[in-house]
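> Here you go, target14.tsv (TSV, C-alpha atoms):
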```
chain	number	residue	atom	x	y	z
X	1	MET	CA	92.02	-55.21	32.58
X	2	GLU	CA	88.68	-55.64	34.31
X	3	LYS	CA	89.18	-57.38	37.63
X	4	LEU	CA	86.81	-59.63	39.53
X	5	GLN	CA	86.39	-58.46	43.12
X	6	GLN	CA	84.64	-60.48	45.83
X	7	ASP	CA	83.99	-60.31	49.56
X	8	LEU	CA	84.59	-63.74	51.08
X	9	TRP	CA	84.53	-65.16	54.62
X	10	VAL	CA	86.26	-68.22	56.05
X	11	PRO	CA	84.88	-69.84	59.25
X	12	VAL	CA	87.32	-70.52	62.12
X	13	GLY	CA	87.11	-71.15	65.85
X	14	ASP	CA	83.72	-71.03	67.53
X	15	GLY	CA	81.51	-69.06	65.17
X	16	GLU	CA	84.25	-66.64	64.08
X	17	ARG	CA	84.83	-65.64	60.46
X	18	LEU	CA	87.90	-64.34	58.62
X	19	TYR	CA	87.36	-61.84	55.82
X	20	LEU	CA	89.11	-62.15	52.47
X	21	LYS	CA	89.13	-59.47	49.80
X	22	ARG	CA	89.55	-61.24	46.49
X	23	ILE	CA	90.95	-59.21	43.59
X	24	CYS	CA	91.31	-61.48	40.60
X	25	GLY	CA	93.02	-60.31	37.45
X	26	ARG	CA	92.58	-63.58	35.57
X	27	GLU	CA	90.50	-66.65	36.36
X	28	GLY	CA	92.93	-69.51	36.83
X	29	GLY	CA	95.76	-67.11	37.62
X	30	ALA	CA	98.28	-68.10	40.27
X	31	PRO	CA	96.77	-67.47	43.74
X	32	VAL	CA	98.33	-65.09	46.27
X	33	LEU	CA	97.48	-64.96	50.00
X	34	MET	CA	98.31	-61.72	51.84
X	35	ALA	CA	98.63	-61.22	55.61
X	36	HIS	CA	98.95	-57.89	57.45
X	37	GLY	CA	100.89	-57.07	60.62
X	38	VAL	CA	99.81	-56.02	64.12
X	39	MET	CA	97.35	-53.14	64.64
X	40	ALA	CA	96.44	-53.45	60.96
X	41	ASN	CA	94.15	-55.24	58.52
X	42	GLY	CA	94.07	-56.28	54.89
X	43	ARG	CA	93.62	-52.71	53.68
X	44	THR	CA	97.40	-52.51	53.98
X	45	PHE	CA	97.46	-54.06	50.52
X	46	TYR	CA	94.65	-52.36	48.61
X	47	THR	CA	92.34	-49.37	48.34
X	48	GLU	CA	88.81	-49.30	47.02
X	49	SER	CA	90.01	-46.93	44.29
X	50	GLY	CA	92.28	-49.60	42.82
X	51	LYS	CA	95.67	-48.80	44.32
X	52	GLY	CA	98.07	-50.98	46.29
X	53	LEU	CA	100.06	-54.17	45.86
X	54	ALA	CA	96.99	-56.39	45.60
X	55	HIS	CA	95.68	-54.47	42.58
X	56	PHE	CA	99.18	-54.34	41.06
X	57	LEU	CA	99.47	-58.13	41.20
X	58	ALA	CA	95.93	-58.63	39.94
X	59	ASP	CA	96.71	-56.38	36.97
X	60	ALA	CA	99.58	-58.77	36.23
X	61	GLY	CA	97.15	-61.71	36.15
X	62	TYR	CA	97.32	-63.02	39.70
X	63	ASP	CA	94.34	-64.10	41.79
X	64	VAL	CA	94.88	-62.16	45.03
X	65	TYR	CA	93.31	-62.75	48.46
X	66	ALA	CA	94.01	-60.10	51.12
X	67	ALA	CA	93.05	-61.36	54.58
X	68	ASP	CA	91.75	-59.64	57.68
X	69	LEU	CA	93.05	-61.76	60.56
X	70	ARG	CA	90.75	-62.75	63.40
X	71	GLY	CA	88.79	-59.81	64.79
X	72	ARG	CA	90.36	-57.23	62.49
X	73	GLY	CA	88.92	-55.36	59.54
X	74	ARG	CA	85.72	-57.02	58.34
X	75	SER	CA	86.32	-60.28	60.19
X	76	THR	CA	83.77	-61.04	62.89
X	77	PRO	CA	83.34	-60.64	65.79
X	78	LYS	CA	85.48	-57.57	66.34
X	79	ILE	CA	88.26	-57.64	68.92
X	80	GLY	CA	87.14	-56.56	72.39
X	81	PRO	CA	87.50	-57.47	76.06
X	82	HIS	CA	85.92	-60.86	75.27
X	83	SER	CA	88.63	-61.85	72.75
X	84	ARG	CA	90.82	-64.77	73.83
X	85	HIS	CA	92.71	-65.53	70.63
X	86	GLY	CA	96.32	-64.62	69.94
X	87	GLN	CA	99.15	-65.36	67.56
X	88	THR	CA	99.06	-69.10	68.37
X	89	GLU	CA	95.57	-69.19	66.84
X	90	THR	CA	96.77	-67.11	63.87
X	91	ILE	CA	99.63	-69.53	63.21
X	92	CYS	CA	97.87	-72.82	63.93
X	93	GLU	CA	94.28	-72.13	62.85
X	94	ASP	CA	93.76	-68.96	60.82
X	95	LEU	CA	96.58	-69.15	58.26
X	96	PRO	CA	96.03	-72.88	57.60
X	97	ALA	CA	92.29	-72.23	57.10
X	98	LEU	CA	92.93	-69.29	54.77
X	99	HIS	CA	95.53	-71.24	52.80
X	100	ASP	CA	93.22	-74.23	52.41
X	101	PHE	CA	90.36	-71.99	51.29
X	102	VAL	CA	92.51	-70.25	48.65
X	103	ARG	CA	93.88	-73.57	47.38
X	104	ARG	CA	90.38	-74.97	46.97
X	105	LYS	CA	89.21	-71.82	45.18
X	106	SER	CA	92.20	-72.08	42.81
X	107	GLY	CA	91.74	-75.74	41.96
X	108	GLY	CA	94.62	-76.99	44.12
X	109	GLN	CA	97.35	-74.74	42.75
X	110	GLN	CA	100.38	-73.84	44.80
X	111	VAL	CA	99.84	-70.52	46.60
X	112	HIS	CA	102.20	-67.54	46.87
X	113	TRP	CA	102.30	-65.89	50.30
X	114	ILE	CA	102.94	-62.19	50.95
X	115	ALA	CA	103.10	-60.34	54.26
X	116	HIS	CA	103.82	-56.96	55.77
X	117	SER	CA	105.67	-56.49	59.06
X	118	TRP	CA	104.63	-58.94	61.81
X	119	GLY	CA	102.53	-60.82	59.29
X	120	GLY	CA	105.81	-62.33	58.09
X	121	VAL	CA	106.48	-63.72	61.56
X	122	HIS	CA	103.04	-65.34	61.57
X	123	MET	CA	103.59	-66.78	58.09
X	124	THR	CA	107.08	-68.17	58.64
X	125	SER	CA	105.99	-69.62	61.99
X	126	CYS	CA	103.12	-71.39	60.23
X	127	LEU	CA	105.40	-72.68	57.48
X	128	VAL	CA	108.05	-74.10	59.79
X	129	ARG	CA	105.41	-75.66	62.06
X	130	PHE	CA	103.47	-77.27	59.20
X	131	PRO	CA	105.85	-78.57	56.51
X	132	GLU	CA	102.89	-80.01	54.61
X	133	ILE	CA	101.64	-76.45	54.10
X	134	ALA	CA	105.12	-75.19	53.18
X	135	ALA	CA	105.20	-77.79	50.39
X	136	GLN	CA	102.08	-76.16	48.91
X	137	VAL	CA	103.55	-72.63	48.91
X	138	ALA	CA	105.36	-71.64	45.72
X	139	SER	CA	107.17	-68.55	47.03
X	140	VAL	CA	106.98	-65.83	49.66
X	141	VAL	CA	107.58	-62.05	49.73
X	142	TYR	CA	107.91	-60.05	52.96
X	143	PHE	CA	107.80	-56.28	53.32
X	144	GLY	CA	109.61	-55.07	56.46
X	145	SER	CA	109.19	-58.32	58.40
X	146	LYS	CA	111.26	-58.91	61.52
X	147	ARG	CA	110.81	-60.79	64.77
X	148	SER	CA	112.95	-59.58	67.68
X	149	VAL	CA	113.89	-55.90	67.72
X	150	ARG	CA	117.57	-55.74	68.63
X	151	VAL	CA	118.59	-52.38	67.16
X	152	ARG	CA	119.23	-49.60	69.66
X	153	ASN	CA	118.09	-46.06	68.87
X	154	LEU	CA	115.64	-43.41	70.07
X	155	ASN	CA	112.82	-44.69	67.87
X	156	LYS	CA	113.14	-48.14	69.38
X	157	LEU	CA	113.11	-46.70	72.89
X	158	ILE	CA	109.90	-44.72	72.21
X	159	GLU	CA	107.94	-46.93	69.80
X	160	VAL	CA	108.86	-50.41	71.05
X	161	ASP	CA	110.08	-50.18	74.64
X	162	PHE	CA	107.65	-47.51	75.85
X	163	MET	CA	104.61	-47.48	73.52
X	164	TRP	CA	104.38	-51.19	72.62
X	165	CYS	CA	105.86	-52.93	75.64
X	166	THR	CA	104.77	-50.59	78.45
X	167	ALA	CA	102.00	-48.10	77.59
X	168	ALA	CA	100.06	-50.68	75.57
X	169	ARG	CA	99.99	-53.04	78.57
X	170	TRP	CA	98.55	-50.23	80.70
X	171	LEU	CA	95.79	-49.68	78.14
X	172	ILE	CA	95.02	-53.39	77.95
X	173	LYS	CA	94.70	-53.63	81.72
X	174	ALA	CA	92.21	-50.75	81.62
X	175	CYS	CA	90.19	-51.87	78.57
X	176	GLY	CA	90.68	-55.63	78.34
X	177	TYR	CA	92.19	-55.25	74.85
X	178	LEU	CA	94.34	-52.75	72.95
X	179	PRO	CA	91.99	-50.13	71.39
X	180	ALA	CA	94.64	-49.04	68.89
X	181	ARG	CA	92.15	-47.75	66.32
X	182	ARG	CA	90.29	-45.55	68.81
X	183	ILE	CA	93.47	-43.87	70.07
X	184	ARG	CA	94.93	-43.69	66.53
X	185	LEU	CA	97.88	-45.89	67.37
X	186	GLY	CA	97.08	-48.20	64.47
X	187	ALA	CA	94.47	-49.12	61.87
X	188	ASP	CA	93.00	-51.93	63.98
X	189	ASP	CA	92.87	-53.34	67.51
X	190	GLU	CA	94.75	-56.18	69.21
X	191	SER	CA	93.57	-58.72	71.73
X	192	ASP	CA	95.29	-59.03	75.09
X	193	LYS	CA	96.79	-62.38	74.10
X	194	SER	CA	97.97	-61.34	70.64
X	195	HIS	CA	99.66	-58.27	72.10
X	196	LEU	CA	101.33	-60.17	74.93
X	197	GLN	CA	102.63	-62.93	72.68
X	198	SER	CA	104.02	-60.54	70.07
X	199	LYS	CA	105.53	-58.37	72.83
X	200	LEU	CA	107.42	-61.39	74.15
X	201	TRP	CA	108.75	-62.33	70.71
X	202	ALA	CA	109.75	-58.75	69.87
X	203	GLN	CA	112.22	-58.93	72.74
X	204	PRO	CA	115.50	-60.88	72.32
X	205	ARG	CA	113.91	-64.11	73.50
X	206	PRO	CA	113.71	-67.63	72.05
X	207	TRP	CA	111.27	-68.22	69.21
X	208	VAL	CA	109.04	-70.53	71.27
X	209	ASP	CA	105.25	-70.70	71.47
X	210	SER	CA	104.01	-69.57	74.89
X	211	ASP	CA	100.95	-71.84	74.66
X	212	ASP	CA	102.51	-75.24	74.04
X	213	GLY	CA	106.28	-74.67	74.00
X	214	PHE	CA	106.70	-75.42	70.29
X	215	ASP	CA	110.24	-74.37	69.31
X	216	TYR	CA	110.05	-72.63	65.94
X	217	ALA	CA	113.80	-72.04	65.74
X	218	VAL	CA	114.51	-75.75	66.01
X	219	ALA	CA	111.79	-76.58	63.48
X	220	ALA	CA	113.27	-74.01	61.06
X	221	GLU	CA	116.57	-75.87	60.98
X	222	THR	CA	115.01	-78.56	58.78
X	223	GLY	CA	115.18	-76.10	55.86
X	224	HIS	CA	111.82	-76.78	54.21
X	225	LEU	CA	110.81	-73.14	53.67
X	226	PRO	CA	109.93	-72.01	50.14
X	227	PRO	CA	111.98	-69.24	48.47
X	228	ILE	CA	111.53	-65.97	50.38
X	229	LEU	CA	112.26	-62.39	49.28
X	230	TYR	CA	112.81	-60.01	52.21
X	231	PHE	CA	112.30	-56.31	51.45
X	232	ALA	CA	113.74	-53.91	54.04
X	233	ALA	CA	113.18	-50.14	53.99
X	234	ALA	CA	116.21	-47.86	54.29
X	235	ASN	CA	114.31	-45.35	56.44
X	236	ASP	CA	112.86	-47.84	58.94
X	237	PRO	CA	114.62	-47.25	62.27
X	238	CYS	CA	112.92	-49.92	64.40
X	239	ARG	CA	109.68	-51.45	63.12
X	240	GLY	CA	111.53	-53.27	60.35
X	241	HIS	CA	115.16	-52.18	60.57
X	242	PRO	CA	117.27	-53.91	57.89
X	243	GLU	CA	119.50	-55.51	60.54
X	244	ASP	CA	116.48	-57.00	62.31
X	245	VAL	CA	115.09	-58.18	58.97
X	246	ARG	CA	118.44	-59.89	58.33
X	247	ARG	CA	118.33	-61.56	61.75
X	248	PHE	CA	114.80	-62.83	61.05
X	249	ARG	CA	115.97	-64.27	57.71
X	250	ASP	CA	118.95	-65.94	59.37
X	251	GLU	CA	116.98	-67.53	62.24
X	252	SER	CA	114.47	-68.94	59.75
X	253	GLY	CA	116.90	-71.69	58.76
X	254	PRO	CA	118.43	-72.61	55.40
X	255	HIS	CA	116.30	-71.53	52.45
X	256	LEU	CA	116.65	-69.77	49.11
X	257	SER	CA	116.34	-66.07	49.90
X	258	ARG	CA	117.29	-62.50	49.03
X	259	LEU	CA	117.43	-59.47	51.34
X	260	HIS	CA	116.77	-56.39	49.23
X	261	LEU	CA	117.16	-52.86	50.63
X	262	LEU	CA	114.71	-50.23	49.38
X	263	GLY	CA	116.69	-47.01	49.42
X	264	ARG	CA	118.46	-44.50	47.22
X	265	ARG	CA	121.92	-45.94	47.78
X	266	ALA	CA	120.59	-49.23	46.45
X	267	GLY	CA	119.34	-47.51	43.28
X	268	HIS	CA	115.71	-46.94	44.26
X	269	LEU	CA	113.74	-43.72	43.95
X	270	HIS	CA	113.31	-43.09	47.68
X	271	ASP	CA	114.46	-44.08	51.13
X	272	TYR	CA	111.23	-45.88	51.96
X	273	ASN	CA	109.87	-46.32	55.49
X	274	HIS	CA	107.88	-49.10	57.15
X	275	VAL	CA	104.62	-47.98	55.56
X	276	SER	CA	105.63	-46.27	52.33
X	277	LEU	CA	107.42	-49.38	51.00
X	278	LEU	CA	103.85	-50.59	50.30
X	279	THR	CA	101.89	-47.36	49.88
X	280	HIS	CA	104.18	-44.90	48.05
X	281	PRO	CA	102.81	-43.87	44.63
X	282	ASP	CA	106.18	-44.76	43.06
X	283	ALA	CA	106.28	-48.31	44.47
X	284	PRO	CA	104.52	-49.88	41.43
X	285	ARG	CA	107.23	-48.62	39.08
X	286	ASP	CA	110.13	-48.89	41.50
X	287	HIS	CA	110.19	-52.17	43.44
X	288	PHE	CA	106.84	-53.92	42.98
X	289	PRO	CA	108.21	-55.37	39.69
X	290	LEU	CA	110.87	-57.17	41.76
X	291	ALA	CA	108.06	-58.92	43.64
X	292	LEU	CA	106.66	-60.00	40.26
X	293	ASP	CA	110.06	-61.43	39.31
X	294	TRP	CA	110.14	-63.40	42.57
X	295	LEU	CA	106.63	-64.79	42.17
X	296	ALA	CA	107.51	-65.83	38.62
X	297	GLY	CA	110.57	-67.74	39.85
X	298	ARG	CA	113.08	-65.29	38.39
X	299	TYR	CA	115.13	-65.28	41.58
X	300	ASP	CA	118.37	-64.15	39.94
X	301	ALA	CA	116.62	-60.95	38.82
X	302	VAL	CA	116.44	-59.79	42.45
X	303	ALA	CA	119.73	-58.61	43.94
X	304	GLU	CA	120.93	-59.26	47.46
X	305	ASN	CA	122.03	-55.68	48.19
X	306	TYR	CA	122.37	-55.35	51.95
```
Show me, as structure tokens, the structure contained in the file I just sent.


Amino acid sequence: MEKLQQDLWVPVGDGERLYLKRICGREGGAPVLMAHGVMANGRTFYTESGKGLAHFLADAGYDVYAADLRGRGRSTPKIGPHSRHGQTETICEDLPALHDFVRRKSGGQQVHWIAHSWGGVHMTSCLVRFPEIAAQVASVVYFGSKRSVRVRNLNKLIEVDFMWCTAARWLIKACGYLPARRIRLGADDESDKSHLQSKLWAQPRPWVDSDDGFDYAVAAETGHLPPILYFAAANDPCRGHPEDVRRFRDESGPHLSRLHLLGRRAGHLHDYNHVSLLTHPDAPRDHFPLALDWLAGRYDAVAENY
């Protein structure tokens, strides 16, 4: 199938633009909005050579939009010492603007949302804060998304407690932002505010906005979330540990959901990790079809196996 591919930009803030990579398998196909996690960009979901989840869904007839959040990837301007935006802006401005743009491009259809890692926290926060947006979302799929990291192991001590919570703050004080790409800590950089806000939420603290005190946990109790499929990788010790994924699902309030473990003991080809659950060459024949089932509303075809 020949796919339409476009480079699109959505204006936000004061002269800032968000980049969207559109990969359309069929004009009029159901739209999908994708959001990446921290220190990342939309390339999490696609390659220029035609690989990745975005291309897989487009091949199945979906109209896919992979976003670069503010300052990342091909969004402009790039993150630097001047950047003042954080996750509050992602939740309250960027995701609503992206969603509205995709809906208008698709003729007002309901949109499917997909996220990797911390992108799921941004998306669920947006959905519980804006029920009018949640009503326009058909379904959601998360890959390794968690909020607070409560597991205790060596990986958590090194990657979260030391690298993310301590060393990253030292770098930010020196540079004015987190230059994750330059030091090869991640695929993209983070602003001071986005790092600080996500650092606070990654700790066992209330799910409350540090800008205006909005209580996301209380808002989630209303139960207006769309159906959500939570993928957790069996070999993910701290960045998306299955127990932390479960806790994120539970604190998101009552909603139709499945938590599906991607590992050999659950019948999959590999014990996937936080990255390979999206990038492994076997993913399109192993578990990507389960995402298709979920988007198509075949919820009973996806097992709760953890």

> Using Å and a single decimal, report how far CA of Pro289 in chain X sits from CA of Ala67 in chain X.

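Separating CA of Ala67 in chain X from CA of Pro289 in chain X is a distance of 22.1 Å.
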
> Given the choices X:Leu185, X:Val208, X:Pro31, X:Ser83, which gets closest to Ala60 in chain X if the distance is worked out from all atoms listed in the file?

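Of X:Leu185, X:Val208, X:Pro31, X:Ser83, the one nearest Ala60 in chain X is X:Pro31, counting all atoms listed in the file.
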
> Would you mind reading off the distance between CA of Asp209 in chain X and CA of Arg147 in chain X, one decimal, in Å?

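One can read the CA of Asp209 in chain X to CA of Arg147 in chain X distance as 13.2 Å.
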
> Quick one: residues within 9 Å of range 129-132 of chain X, all atoms listed in the file, excluding same-chain residues fewer than 3 positions away - as a PyMOL selection string?

chain X and resi 91-92+96+124-126+135-136+214-216+219-220+224-225

> Hey, what's within 12 Å of Gly297 in chain X if we count only C-alpha atoms and toss same-chain stuff fewer than 2 positions away? As a PyMOL selection string, please?

chain X and resi 112+138-141+226-229+256-257+290-295+299-302

> Suppose you want the space between CA of Lys105 in chain X and CA of His287 in chain X; what is it in Å?

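Rounded to one decimal, the two atoms are 28.8 Å apart.
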
> Counting only C-alpha atoms, which of X:Ser75, X:Ser191, X:Gln197, X:Thr222 gets nearest to Trp9 in chain X?

X:Ser75

> Here is a test: counting all atoms listed in the file, which residue of X:Gly119, X:Pro179, X:Gly61, X:Pro284 is nearest to Ala167 in chain X?

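So, comparing all the options, the nearest one is X:Pro179.
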
> May I have the residues within 9 Å of Leu57 in chain X as a list in words, using all atoms listed in the file and disregarding those fewer than 6 positions away in the same chain?

Ile23, Cys24, Gly25, Val32, Asp63, Val64, Phe288, Ala291 and Leu292 of chain X

> Compile the contact shell of range 277-279 of chain X as a VMD selection string: residues with an atom at most 12 Å away, counting all atoms listed in the file, same-chain residues fewer than 6 positions apart removed.

chain X and resid 36 43 to 47 51 to 56 114 to 117 142 to 145 230 to 236 240 260 to 263 268 to 271 285 to 288 291

> Looking at only C-alpha atoms, which of X:Ala180, X:Met163, X:Leu171, X:Val275 is the one that sits closest to Arg72 in chain X?

X:Ala180

> Name the closest residue to Ala58 in chain X among the candidates X:Gln5, X:Thr90, X:Asp244, X:Asp100; distances are taken between atoms, counting all atoms listed in the file.

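Looking only at the distances to Ala58 in chain X, the closest residue turns out to be X:Gln5.
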
> Rank nothing, just name the residue among X:Asp59, X:Pro77, X:Asp189, X:Lys146 nearest to Asn41 in chain X, using all atoms listed in the file.

X:Asp189
